[in-house]
>>> print(open('model.pdb').read())   # PDB, C-alpha atoms
ATOM      1  CA  MET A   1       0.000   0.000   0.000
ATOM      2  CA  ARG A   2       1.276   3.446  -0.850
ATOM      3  CA  THR A   3       0.862   6.178   1.723
ATOM      4  CA  VAL A   4       1.509   9.844   1.006
ATOM      5  CA  VAL A   5       1.423  12.943   3.168
ATOM      6  CA  LEU A   6      -0.475  15.877   1.696
ATOM      7  CA  ILE A   7       0.128  19.261   3.319
ATOM      8  CA  PRO A   8      -2.480  21.910   2.466
ATOM      9  CA  ALA A   9      -0.843  25.330   2.270
ATOM     10  CA  ARG A  10      -2.983  28.293   1.291
ATOM     11  CA  TYR A  11      -1.334  31.675   0.848
ATOM     12  CA  ALA A  12      -4.566  33.669   0.917
ATOM     13  CA  SER A  13      -5.495  32.814   4.510
ATOM     14  CA  SER A  14      -8.161  35.181   5.818
ATOM     15  CA  ARG A  15      -6.774  35.223   9.373
ATOM     16  CA  TYR A  16      -3.070  35.189   8.473
ATOM     17  CA  PRO A  17      -2.191  35.881   4.806
ATOM     18  CA  GLY A  18       1.057  34.235   3.718
ATOM     19  CA  LYS A  19       1.111  32.018   6.809
ATOM     20  CA  PRO A  20       2.857  28.994   5.209
ATOM     21  CA  LEU A  21       5.890  31.171   4.432
ATOM     22  CA  VAL A  22       6.179  32.823   7.844
ATOM     23  CA  SER A  23       9.697  32.393   9.195
ATOM     24  CA  LEU A  24      10.195  30.215  12.269
ATOM     25  CA  LEU A  25      13.808  30.384  13.468
ATOM     26  CA  GLY A  26      14.840  31.470   9.978
ATOM     27  CA  LYS A  27      12.995  28.744   8.049
ATOM     28  CA  PRO A  28       9.570  28.974   6.344
ATOM     29  CA  MET A  29       6.962  27.164   8.425
ATOM     30  CA  ILE A  30       5.886  24.976   5.506
ATOM     31  CA  LEU A  31       9.395  23.478   5.373
ATOM     32  CA  TRP A  32       9.316  22.568   9.064
ATOM     33  CA  VAL A  33       6.151  20.595   8.337
ATOM     34  CA  ALA A  34       7.537  19.028   5.147
ATOM     35  CA  GLU A  35      10.675  17.905   6.990
ATOM     36  CA  LEU A  36       8.858  16.235   9.871
ATOM     37  CA  SER A  37       6.507  14.559   7.384
ATOM     38  CA  ALA A  38       9.490  13.259   5.415
ATOM     39  CA  GLU A  39      10.843  11.701   8.623
ATOM     40  CA  ALA A  40       7.697   9.583   8.706
ATOM     41  CA  VAL A  41       7.134   8.605   5.060
ATOM     42  CA  GLY A  42      10.189   9.746   3.111
ATOM     43  CA  ALA A  43      10.564  12.922   1.071
ATOM     44  CA  SER A  44       9.364  11.241  -2.129
ATOM     45  CA  ASN A  45       5.952  10.710  -0.495
ATOM     46  CA  VAL A  46       5.470  14.289   0.751
ATOM     47  CA  TYR A  47       3.422  16.749  -1.327
ATOM     48  CA  VAL A  48       2.399  20.324  -0.570
ATOM     49  CA  ALA A  49      -1.005  21.205  -2.039
ATOM     50  CA  THR A  50      -1.179  24.927  -2.712
ATOM     51  CA  GLU A  51      -2.819  27.551  -4.887
ATOM     52  CA  ASP A  52       0.193  29.856  -4.833
ATOM     53  CA  GLU A  53       3.350  29.731  -6.944
ATOM     54  CA  ARG A  54       5.397  31.432  -4.197
ATOM     55  CA  ILE A  55       4.731  28.531  -1.843
ATOM     56  CA  ALA A  56       5.332  26.005  -4.609
ATOM     57  CA  GLU A  57       8.695  27.559  -5.441
ATOM     58  CA  VAL A  58       9.883  27.476  -1.805
ATOM     59  CA  VAL A  59       8.801  23.848  -1.491
ATOM     60  CA  LYS A  60      10.428  22.713  -4.737
ATOM     61  CA  SER A  61      13.644  24.628  -4.020
ATOM     62  CA  ALA A  62      13.943  22.630  -0.795
ATOM     63  CA  GLY A  63      13.575  19.338  -2.671
ATOM     64  CA  TYR A  64       9.912  18.599  -1.975
ATOM     65  CA  GLN A  65       6.979  18.227  -4.350
ATOM     66  CA  ALA A  66       4.216  20.765  -4.877
ATOM     67  CA  VAL A  67       0.773  20.092  -6.342
ATOM     68  CA  MET A  68      -1.134  23.052  -7.721
ATOM     69  CA  THR A  69      -4.789  23.268  -6.747
ATOM     70  CA  SER A  70      -7.530  25.792  -7.390
ATOM     71  CA  SER A  71      -7.769  29.125  -5.606
ATOM     72  CA  ASN A  72     -11.402  28.565  -4.646
ATOM     73  CA  ALA A  73     -11.195  25.298  -2.671
ATOM     74  CA  LEU A  74     -13.700  25.556   0.169
ATOM     75  CA  THR A  75     -11.369  24.090   2.805
ATOM     76  CA  GLY A  76      -7.999  22.431   3.192
ATOM     77  CA  THR A  77      -9.664  19.027   2.885
ATOM     78  CA  ASP A  78     -11.308  20.075  -0.396
ATOM     79  CA  ARG A  79      -7.846  21.154  -1.543
ATOM     80  CA  LEU A  80      -6.486  17.725  -0.626
ATOM     81  CA  ALA A  81      -9.250  16.069  -2.628
ATOM     82  CA  GLU A  82      -8.080  18.026  -5.666
ATOM     83  CA  ALA A  83      -4.498  16.917  -5.000
ATOM     84  CA  ALA A  84      -5.528  13.280  -4.474
ATOM     85  CA  GLU A  85      -6.998  13.238  -7.978
ATOM     86  CA  GLN A  86      -3.457  13.890  -9.247
ATOM     87  CA  ILE A  87      -1.525  11.531  -6.945
ATOM     88  CA  PRO A  88      -2.079   7.753  -6.792
ATOM     89  CA  ALA A  89      -2.059   6.329  -3.259
ATOM     90  CA  ASP A  90      -4.015   4.057  -0.935
ATOM     91  CA  ILE A  91      -3.829   6.249   2.174
ATOM     92  CA  TYR A  92      -3.618  10.036   2.207
ATOM     93  CA  VAL A  93      -2.393  11.621   5.441
ATOM     94  CA  ASN A  94      -3.200  15.272   5.944
ATOM     95  CA  VAL A  95      -0.662  17.130   8.060
ATOM     96  CA  GLN A  96      -1.661  20.760   8.425
ATOM     97  CA  GLY A  97       0.868  23.287   7.172
ATOM     98  CA  ASP A  98       0.586  25.275  10.403
ATOM     99  CA  GLU A  99       1.586  22.394  12.730
ATOM    100  CA  PRO A 100       5.410  22.752  12.879
ATOM    101  CA  LEU A 101       5.543  20.746  16.127
ATOM    102  CA  ALA A 102       3.721  17.677  14.831
ATOM    103  CA  CYS A 103       5.489  14.431  15.712
ATOM    104  CA  PRO A 104       6.556  12.037  12.916
ATOM    105  CA  ARG A 105       5.617   9.096  15.147
ATOM    106  CA  ASP A 106       2.074  10.451  15.331
ATOM    107  CA  ILE A 107       1.933  10.500  11.525
ATOM    108  CA  LEU A 108       2.919   6.835  11.533
ATOM    109  CA  ARG A 109       0.263   6.178  14.178
ATOM    110  CA  ALA A 110      -2.379   7.725  11.900
ATOM    111  CA  ILE A 111      -1.320   5.330   9.140
ATOM    112  CA  GLU A 112      -1.485   2.351  11.510
ATOM    113  CA  GLU A 113      -4.934   3.385  12.732
ATOM    114  CA  LYS A 114      -6.185   3.754   9.158
ATOM    115  CA  LYS A 115      -4.930   0.304   8.205
ATOM    116  CA  ALA A 116      -6.582  -1.175  11.306
ATOM    117  CA  THR A 117      -9.923   0.634  10.757
ATOM    118  CA  PRO A 118     -10.055   1.373   7.007
ATOM    119  CA  ASP A 119     -13.741   2.349   7.071
ATOM    120  CA  MET A 120     -13.168   5.214   9.508
ATOM    121  CA  ILE A 121     -11.666   8.675   9.115
ATOM    122  CA  ILE A 122      -8.637   9.026  11.403
ATOM    123  CA  ASN A 123      -7.844  12.193  13.369
ATOM    124  CA  GLY A 124      -5.510  13.003  16.251
ATOM    125  CA  PHE A 125      -6.138  14.646  19.586
ATOM    126  CA  CYS A 126      -4.180  15.564  22.682
ATOM    127  CA  TRP A 127      -5.103  17.067  26.045
ATOM    128  CA  LEU A 128      -5.016  20.799  26.624
ATOM    129  CA  SER A 129      -2.042  21.958  28.654
ATOM    130  CA  VAL A 130      -2.540  23.986  31.821
ATOM    131  CA  ASP A 131      -1.640  27.228  30.041
ATOM    132  CA  GLU A 132      -4.183  26.758  27.230
ATOM    133  CA  ASP A 133      -7.611  28.341  27.506
ATOM    134  CA  PRO A 134     -10.460  25.909  26.737
ATOM    135  CA  HIS A 135     -12.619  28.926  25.873
ATOM    136  CA  SER A 136     -10.274  30.028  23.057
ATOM    137  CA  VAL A 137     -12.095  29.891  19.726
ATOM    138  CA  ASN A 138      -8.765  29.095  18.066
ATOM    139  CA  ILE A 139      -8.715  25.636  19.708
ATOM    140  CA  PRO A 140     -11.223  23.030  18.443
ATOM    141  CA  LYS A 141     -12.326  20.904  21.402
ATOM    142  CA  VAL A 142     -12.989  17.212  20.767
ATOM    143  CA  ILE A 143     -15.931  15.260  22.193
ATOM    144  CA  THR A 144     -15.627  11.480  21.895
ATOM    145  CA  ASN A 145     -17.535   8.492  23.141
ATOM    146  CA  GLU A 146     -15.783   5.907  25.312
ATOM    147  CA  LYS A 147     -14.493   4.135  22.196
ATOM    148  CA  ASN A 148     -12.683   7.300  21.059
ATOM    149  CA  GLU A 149     -15.104   7.833  18.183
ATOM    150  CA  LEU A 150     -15.860  11.459  17.425
ATOM    151  CA  VAL A 151     -19.226  12.648  18.666
ATOM    152  CA  TYR A 152     -18.707  16.351  17.984
ATOM    153  CA  MET A 153     -16.028  18.998  17.730
ATOM    154  CA  SER A 154     -16.529  22.596  18.805
ATOM    155  CA  ARG A 155     -14.778  25.872  19.392
ATOM    156  CA  SER A 156     -16.782  26.160  22.604
ATOM    157  CA  ALA A 157     -15.516  24.616  25.849
ATOM    158  CA  LEU A 158     -17.407  21.328  25.611
ATOM    159  CA  PRO A 159     -18.573  19.081  27.201
ATOM    160  CA  GLY A 160     -20.894  21.221  29.252
ATOM    161  CA  PHE A 161     -22.041  20.344  32.739
ATOM    162  CA  LYS A 162     -24.972  20.994  35.055
ATOM    163  CA  ASP A 163     -23.296  20.100  38.344
ATOM    164  CA  GLU A 164     -19.882  21.593  39.104
ATOM    165  CA  LYS A 165     -18.653  18.279  40.503
ATOM    166  CA  TYR A 166     -19.008  16.740  37.026
ATOM    167  CA  ALA A 167     -17.134  19.506  35.234
ATOM    168  CA  PRO A 168     -14.358  18.143  33.001
ATOM    169  CA  ARG A 169     -10.926  18.399  34.581
ATOM    170  CA  THR A 170      -9.398  19.088  31.184
ATOM    171  CA  HIS A 171     -10.350  19.015  27.510
ATOM    172  CA  LYS A 172      -9.290  17.155  24.402
ATOM    173  CA  LYS A 173      -8.149  19.323  21.509
ATOM    174  CA  GLN A 174      -7.808  18.448  17.863
ATOM    175  CA  VAL A 175      -4.360  17.727  16.452
ATOM    176  CA  CYS A 176      -4.484  18.270  12.710
ATOM    177  CA  ILE A 177      -3.195  14.933  11.468
ATOM    178  CA  TYR A 178      -5.791  12.951   9.513
ATOM    179  CA  ALA A 179      -5.882   9.829   7.345
ATOM    180  CA  PHE A 180      -8.283   9.211   4.448
ATOM    181  CA  THR A 181      -8.792   7.129   1.343
ATOM    182  CA  LYS A 182      -9.247   8.816  -2.022
ATOM    183  CA  LYS A 183     -12.950   7.930  -2.042
ATOM    184  CA  GLU A 184     -13.442   9.577   1.332
ATOM    185  CA  LEU A 185     -11.770  12.749   0.100
ATOM    186  CA  LEU A 186     -13.790  12.786  -3.116
ATOM    187  CA  ASP A 187     -17.039  12.180  -1.198
ATOM    188  CA  PHE A 188     -16.143  15.107   1.058
ATOM    189  CA  LYS A 189     -15.537  17.387  -1.930
ATOM    190  CA  GLY A 190     -18.624  15.997  -3.679
ATOM    191  CA  PHE A 191     -20.854  17.312  -0.871
ATOM    192  CA  GLY A 192     -20.439  20.549  -2.791
ATOM    193  CA  ARG A 193     -20.701  22.993   0.090
ATOM    194  CA  LYS A 194     -19.905  23.448   3.745
ATOM    195  CA  SER A 195     -22.417  21.744   6.005
ATOM    196  CA  GLU A 196     -24.386  23.917   8.416
ATOM    197  CA  LEU A 197     -22.425  22.801  11.486
ATOM    198  CA  GLU A 198     -19.138  23.012   9.605
ATOM    199  CA  GLN A 199     -19.958  26.565   8.565
ATOM    200  CA  CYS A 200     -21.004  27.547  12.074
ATOM    201  CA  GLU A 201     -17.991  26.082  13.891
ATOM    202  CA  ASP A 202     -15.498  26.561  11.022
ATOM    203  CA  ILE A 203     -14.336  22.969  11.604
ATOM    204  CA  GLU A 204     -14.266  21.019   8.354
ATOM    205  CA  ILE A 205     -14.174  17.478   9.776
ATOM    206  CA  LEU A 206     -17.813  17.961  10.835
ATOM    207  CA  ARG A 207     -18.773  17.519   7.175
ATOM    208  CA  PHE A 208     -17.835  13.844   7.444
ATOM    209  CA  LEU A 209     -20.512  13.418  10.126
ATOM    210  CA  GLU A 210     -23.090  14.715   7.618
ATOM    211  CA  LEU A 211     -21.817  12.055   5.208
ATOM    212  CA  GLY A 212     -22.430   9.368   7.825
ATOM    213  CA  LYS A 213     -18.737   8.614   8.271
ATOM    214  CA  LYS A 214     -17.343   7.561  11.628
ATOM    215  CA  VAL A 215     -14.215   9.354  12.812
ATOM    216  CA  ARG A 216     -11.720   7.548  15.024
ATOM    217  CA  MET A 217      -9.721   9.836  17.297
ATOM    218  CA  TYR A 218      -6.315   8.656  18.497
ATOM    219  CA  GLU A 219      -4.143  10.272  21.149
ATOM    220  CA  THR A 220      -0.946  11.993  20.044
ATOM    221  CA  LYS A 221       1.928  13.293  22.096
ATOM    222  CA  PRO A 222       1.122  16.452  24.074
ATOM    223  CA  GLY A 223       2.450  19.868  23.129
ATOM    224  CA  SER A 224       0.750  20.361  19.779
ATOM    225  CA  LEU A 225       0.779  24.019  18.785
ATOM    226  CA  ALA A 226      -0.831  25.326  15.615
ATOM    227  CA  VAL A 227       0.136  28.758  14.294
ATOM    228  CA  ASP A 228      -3.272  30.330  13.731
ATOM    229  CA  VAL A 229      -2.498  34.042  14.191
ATOM    230  CA  PRO A 230       0.694  36.161  14.218
ATOM    231  CA  GLU A 231       0.766  36.068  18.017
ATOM    232  CA  ASP A 232       1.414  32.309  17.846
ATOM    233  CA  VAL A 233       4.776  32.694  16.071
ATOM    234  CA  ALA A 234       6.779  33.526  19.214
ATOM    235  CA  LYS A 235       5.176  30.594  21.066
ATOM    236  CA  ALA A 236       6.020  28.221  18.212
ATOM    237  CA  GLU A 237       9.616  29.422  18.021
ATOM    238  CA  ALA A 238      10.058  28.999  21.783
ATOM    239  CA  ALA A 239       8.607  25.477  21.587
ATOM    240  CA  LEU A 240      10.878  24.570  18.667
ATOM    241  CA  LYS A 241      13.894  25.770  20.623
ATOM    242  CA  ARG A 242      12.886  23.629  23.578
ATOM    243  CA  GLN A 243      12.403  20.661  21.277
ATOM    244  CA  MET A 244      15.878  21.151  19.818
ATOM    245  CA  GLY A 245      17.446  21.821  23.215
ATOM    246  CA  VAL A 246      18.448  25.356  22.211
ATOM    247  CA  ASN A 247      18.433  28.206  24.734
TER     248      ASN A 247
END
>>> encode(input="model.pdb", output="structure tokens")
Amino acid sequence: MRTVVLIPARYASSRYPGKPLVSLLGKPMILWVAELSAEAVGASNVYVATEDERIAEVVKSAGYQAVMTSSNALTGTDRLAEAAEQIPADIYVNVQGDEPLACPRDILRAIEEKKATPDMIINGFCWLSVDEDPHSVNIPKVITNEKNELVYMSRSALPGFKDEKYAPRTHKKQVCIYAFTKKELLDFKGFGRKSELEQCEDIEILRFLELGKKVRMYETKPGSLAVDVPEDVAKAEAALKRQMGVN
């Protein structure tokens, strides 16, 4: 079975234009993500799906592959569906281009989970750290059943509670590593629009629930940090330094 990593990288981000090319410790963020993905599956199986030639040029200059997609893809997953039509593979792993601290072992775990449960979408989660605010709308919170199947995902601090003694001690948050088949990606794109809940929450995986697909959540290492807004850059650089043992 061939597995590839597809990294969606949109230049025209509404919240942070040019985000994939933002410099983290002197290196464009998209290359941090490409490098950690290559650790998992090899550079020949890493593709960056983008609508922008500037991103494509940076990626190709560093020895990675770029796949050009349309400028009007509804979401990153729609963009990956376009890329999957151009790249033959059995499993497509989505590693978000703004996750420079993703762990290669967690990418391999996503592949293992997909092979074990091929009829389910695979997505990662970890627990919020003590310095993360569960009420932040920039952090999708994950609600699962006791089998770690996704029930819902929200930007609100769910689950709720009536009695303070049953309040959750912490929350699960989404880690943006996913695994799909080509059919699952094409079915997602074939929905043709954002679902109502997806539009409301701005969380694209909710569209799979409308399609009747089960989503298996698996636990990743803690410390995931997505760069959503410019204020996240300093946090990401500090975390990368800690990871590399640099003062």
>>> resolve_selection(input="model.pdb", expression="the PyMOL selection byres ((chain A and resi 41) around 12)", output="PyMOL selection string")
chain A and resi 2-6+34-40+42-47+91-93+95+104-111
>>> closest_residue(input="model.pdb", among="A:Met217, A:Ala234, A:Leu211, A:Ala49", to="A:Gln96", atoms="all atoms listed in the file")
A:Ala49
>>> resolve_selection(input="model.pdb", expression="the PyMOL selection byres ((chain A and resi 219) around 6)", output="list in words")
Gly124, Phe125, Cys126, Tyr218 and Thr220 of chain A
>>> residues_near_point(input="model.pdb", point="(-14.7, 6.3, 15.3)", cutoff="9 Å", atoms="only C-alpha atoms", output="CSV table (one decimal) with C-alpha atoms, in the frame of the given file")
chain,number,residue,atom,x,y,z
A,117,THR,CA,-9.9,0.6,10.8
A,120,MET,CA,-13.2,5.2,9.5
A,121,ILE,CA,-11.7,8.7,9.1
A,122,ILE,CA,-8.6,9.0,11.4
A,144,THR,CA,-15.6,11.5,21.9
A,145,ASN,CA,-17.5,8.5,23.1
A,147,LYS,CA,-14.5,4.1,22.2
A,148,ASN,CA,-12.7,7.3,21.1
A,149,GLU,CA,-15.1,7.8,18.2
A,150,LEU,CA,-15.9,11.5,17.4
A,151,VAL,CA,-19.2,12.6,18.7
A,213,LYS,CA,-18.7,8.6,8.3
A,214,LYS,CA,-17.3,7.6,11.6
A,215,VAL,CA,-14.2,9.4,12.8
A,216,ARG,CA,-11.7,7.5,15.0
A,217,MET,CA,-9.7,9.8,17.3
>>> atom_distance(input="model.pdb", atom1="atom CA of A:Leu31", atom2="atom CA of A:Val58")
8.2 Å
>>> resolve_selection(input="model.pdb", expression="the PyMOL selection byres ((chain A and resi 59) around 12)", output="PyMOL selection string")
chain A and resi 7+9+20-21+27-35+43+46-50+52-58+60-68+97
>>> write_last_selection(input="model.pdb", atoms="C-alpha atoms", output="short mmCIF file (atom, residue, chain, number, x, y, z; two decimals), keeping the file's coordinate frame")
data_model
loop_
_atom_site.label_atom_id
_atom_site.label_comp_id
_atom_site.auth_asym_id
_atom_site.auth_seq_id
_atom_site.Cartn_x
_atom_site.Cartn_y
_atom_site.Cartn_z
CA ILE A 7 0.13 19.26 3.32
CA ALA A 9 -0.84 25.33 2.27
CA PRO A 20 2.86 28.99 5.21
CA LEU A 21 5.89 31.17 4.43
CA LYS A 27 13.00 28.74 8.05
CA PRO A 28 9.57 28.97 6.34
CA MET A 29 6.96 27.16 8.43
CA ILE A 30 5.89 24.98 5.51
CA LEU A 31 9.40 23.48 5.37
CA TRP A 32 9.32 22.57 9.06
CA VAL A 33 6.15 20.60 8.34
CA ALA A 34 7.54 19.03 5.15
CA GLU A 35 10.68 17.90 6.99
CA ALA A 43 10.56 12.92 1.07
CA VAL A 46 5.47 14.29 0.75
CA TYR A 47 3.42 16.75 -1.33
CA VAL A 48 2.40 20.32 -0.57
CA ALA A 49 -1.00 21.20 -2.04
CA THR A 50 -1.18 24.93 -2.71
CA ASP A 52 0.19 29.86 -4.83
CA GLU A 53 3.35 29.73 -6.94
CA ARG A 54 5.40 31.43 -4.20
CA ILE A 55 4.73 28.53 -1.84
CA ALA A 56 5.33 26.00 -4.61
CA GLU A 57 8.70 27.56 -5.44
CA VAL A 58 9.88 27.48 -1.80
CA LYS A 60 10.43 22.71 -4.74
CA SER A 61 13.64 24.63 -4.02
CA ALA A 62 13.94 22.63 -0.80
CA GLY A 63 13.58 19.34 -2.67
CA TYR A 64 9.91 18.60 -1.98
CA GLN A 65 6.98 18.23 -4.35
CA ALA A 66 4.22 20.76 -4.88
CA VAL A 67 0.77 20.09 -6.34
CA MET A 68 -1.13 23.05 -7.72
CA GLY A 97 0.87 23.29 7.17
#
>>> residues_around(input="model.pdb", residues="A:Phe188", least_positions_apart="5", cutoff="9 Å", atoms="only C-alpha atoms", output="tab-separated table (two decimals) with C-alpha atoms, in the frame of the given file")
chain	number	residue	atom	x	y	z
A	77	THR	CA	-9.66	19.03	2.88
A	78	ASP	CA	-11.31	20.08	-0.40
A	81	ALA	CA	-9.25	16.07	-2.63
A	183	LYS	CA	-12.95	7.93	-2.04
A	207	ARG	CA	-18.77	17.52	7.18
A	208	PHE	CA	-17.84	13.84	7.44
A	211	LEU	CA	-21.82	12.06	5.21
>>> residues_around(input="model.pdb", residues="A:Met1", least_positions_apart="4", cutoff="12 Å", atoms="only C-alpha atoms", output="MDAnalysis selection string")
chainID A and resid 88:92 111:112 114:115 181
>>> write_last_selection(input="model.pdb", atoms="C-alpha atoms", output="PDB file, keeping the file's coordinate frame")
ATOM      1  CA  PRO A  88      -2.079   7.753  -6.792  1.00  0.00           C
ATOM      2  CA  ALA A  89      -2.059   6.329  -3.259  1.00  0.00           C
ATOM      3  CA  ASP A  90      -4.015   4.057  -0.935  1.00  0.00           C
ATOM      4  CA  ILE A  91      -3.829   6.249   2.174  1.00  0.00           C
ATOM      5  CA  TYR A  92      -3.618  10.036   2.207  1.00  0.00           C
ATOM      6  CA  ILE A 111      -1.320   5.330   9.140  1.00  0.00           C
ATOM      7  CA  GLU A 112      -1.485   2.351  11.510  1.00  0.00           C
ATOM      8  CA  LYS A 114      -6.185   3.754   9.158  1.00  0.00           C
ATOM      9  CA  LYS A 115      -4.930   0.304   8.205  1.00  0.00           C
ATOM     10  CA  THR A 181      -8.792   7.129   1.343  1.00  0.00           C
TER      11      THR A 181
END
>>> residues_near_point(input="model.pdb", point="(-9.8, 24.7, 4.0)", cutoff="10 Å", atoms="only C-alpha atoms", output="list of chain:residue names")
A:Pro8, A:Ala9, A:Arg10, A:Ser13, A:Asn72, A:Ala73, A:Leu74, A:Thr75, A:Gly76, A:Thr77, A:Asp78, A:Arg79, A:Leu80, A:Asp202, A:Ile203, A:Glu204
>>> atom_distance(input="model.pdb", atom1="atom CA of A:Ser154", atom2="atom CA of A:Ser14")
19.9 Å
>>> closest_residue(input="model.pdb", among="A:Val142, A:Ala83, A:Ala179, A:Leu206", to="A:Trp127", atoms="only C-alpha atoms")
A:Val142
>>> closest_residue(input="model.pdb", among="A:Lys162, A:Arg155, A:Lys173, A:Lys141", to="A:Pro222", atoms="only C-alpha atoms")
A:Lys173
>>> atom_distance(input="model.pdb", atom1="atom CA of A:Cys200", atom2="atom CA of A:Asn138")
13.7 Å
>>> residues_around(input="model.pdb", residues="A:Leu240", least_positions_apart="3", cutoff="9 Å", atoms="only C-alpha atoms", output="list in words")
Leu24, Leu25, Pro100, Leu101, Lys235, Ala236, Glu237, Gln243, Met244, Gly245 and Val246 of chain A
>>> closest_residue(input="model.pdb", among="A:Asp98, A:Glu82, A:Asp131, A:Glu51", to="A:Ile177", atoms="only C-alpha atoms")
A:Asp98
>>> axis_aligned_box(input="model.pdb", around="stretch 136-144 of chain A", padding_each_side="3 Å", output="JSON")
{"center_x": -12.3, "center_y": 20.8, "center_z": 20.6, "size_x": 13.2, "size_y": 24.5, "size_z": 11.0}
>>> closest_residue(input="model.pdb", among="A:Gly212, A:Gly160, A:Pro118, A:Gly223", to="A:Glu132", atoms="all atoms listed in the file")
A:Gly223
>>> decode(input="model.pdb", residues="stretch 15-30 of chain A", atoms="N, CA, C and O atoms", output="compact mmCIF listing (two decimals), in the first residue's frame")
# COMPACT_ATOMS: atom_id res chain seq x y z
N ARG A 15 -7.25 34.78 8.06
CA ARG A 15 -6.77 35.22 9.37
C ARG A 15 -5.29 35.59 9.37
O ARG A 15 -4.85 36.40 10.18
N TYR A 16 -4.52 34.99 8.44
CA TYR A 16 -3.07 35.19 8.47
C TYR A 16 -2.52 35.00 7.06
O TYR A 16 -1.94 33.97 6.74
N PRO A 17 -2.67 36.01 6.19
CA PRO A 17 -2.19 35.88 4.81
C PRO A 17 -0.70 35.55 4.76
O PRO A 17 0.10 36.12 5.51
N GLY A 18 -0.34 34.62 3.88
CA GLY A 18 1.06 34.24 3.72
C GLY A 18 1.58 33.34 4.82
O GLY A 18 2.80 33.09 4.88
N LYS A 19 0.69 32.79 5.64
CA LYS A 19 1.11 32.02 6.81
C LYS A 19 2.08 30.88 6.51
O LYS A 19 3.06 30.70 7.25
N PRO A 20 1.92 30.10 5.43
CA PRO A 20 2.86 28.99 5.21
C PRO A 20 4.31 29.44 5.05
O PRO A 20 5.23 28.65 5.31
N LEU A 21 4.53 30.69 4.66
CA LEU A 21 5.89 31.17 4.43
C LEU A 21 6.45 31.97 5.60
O LEU A 21 7.58 32.48 5.52
N VAL A 22 5.67 32.09 6.68
CA VAL A 22 6.18 32.82 7.84
C VAL A 22 7.44 32.15 8.36
O VAL A 22 7.56 30.92 8.36
N SER A 23 8.42 32.93 8.75
CA SER A 23 9.70 32.39 9.20
C SER A 23 9.63 31.96 10.66
O SER A 23 9.22 32.73 11.53
N LEU A 24 10.03 30.73 10.92
CA LEU A 24 10.19 30.22 12.27
C LEU A 24 11.66 29.85 12.43
O LEU A 24 12.16 28.93 11.77
N LEU A 25 12.37 30.60 13.26
CA LEU A 25 13.81 30.38 13.47
C LEU A 25 14.56 30.40 12.14
O LEU A 25 15.49 29.61 11.92
N GLY A 26 14.13 31.28 11.24
CA GLY A 26 14.84 31.47 9.98
C GLY A 26 14.44 30.53 8.86
O GLY A 26 15.04 30.58 7.78
N LYS A 27 13.42 29.70 9.08
CA LYS A 27 12.99 28.74 8.05
C LYS A 27 11.49 28.88 7.83
O LYS A 27 10.74 28.98 8.81
N PRO A 28 11.02 28.89 6.58
CA PRO A 28 9.57 28.97 6.34
C PRO A 28 8.83 27.83 7.05
O PRO A 28 9.28 26.68 7.02
N MET A 29 7.70 28.17 7.65
CA MET A 29 6.96 27.16 8.42
C MET A 29 6.62 25.93 7.60
O MET A 29 6.68 24.80 8.10
N ILE A 30 6.28 26.11 6.33
CA ILE A 30 5.89 24.98 5.51
C ILE A 30 7.02 23.96 5.39
O ILE A 30 6.78 22.75 5.29
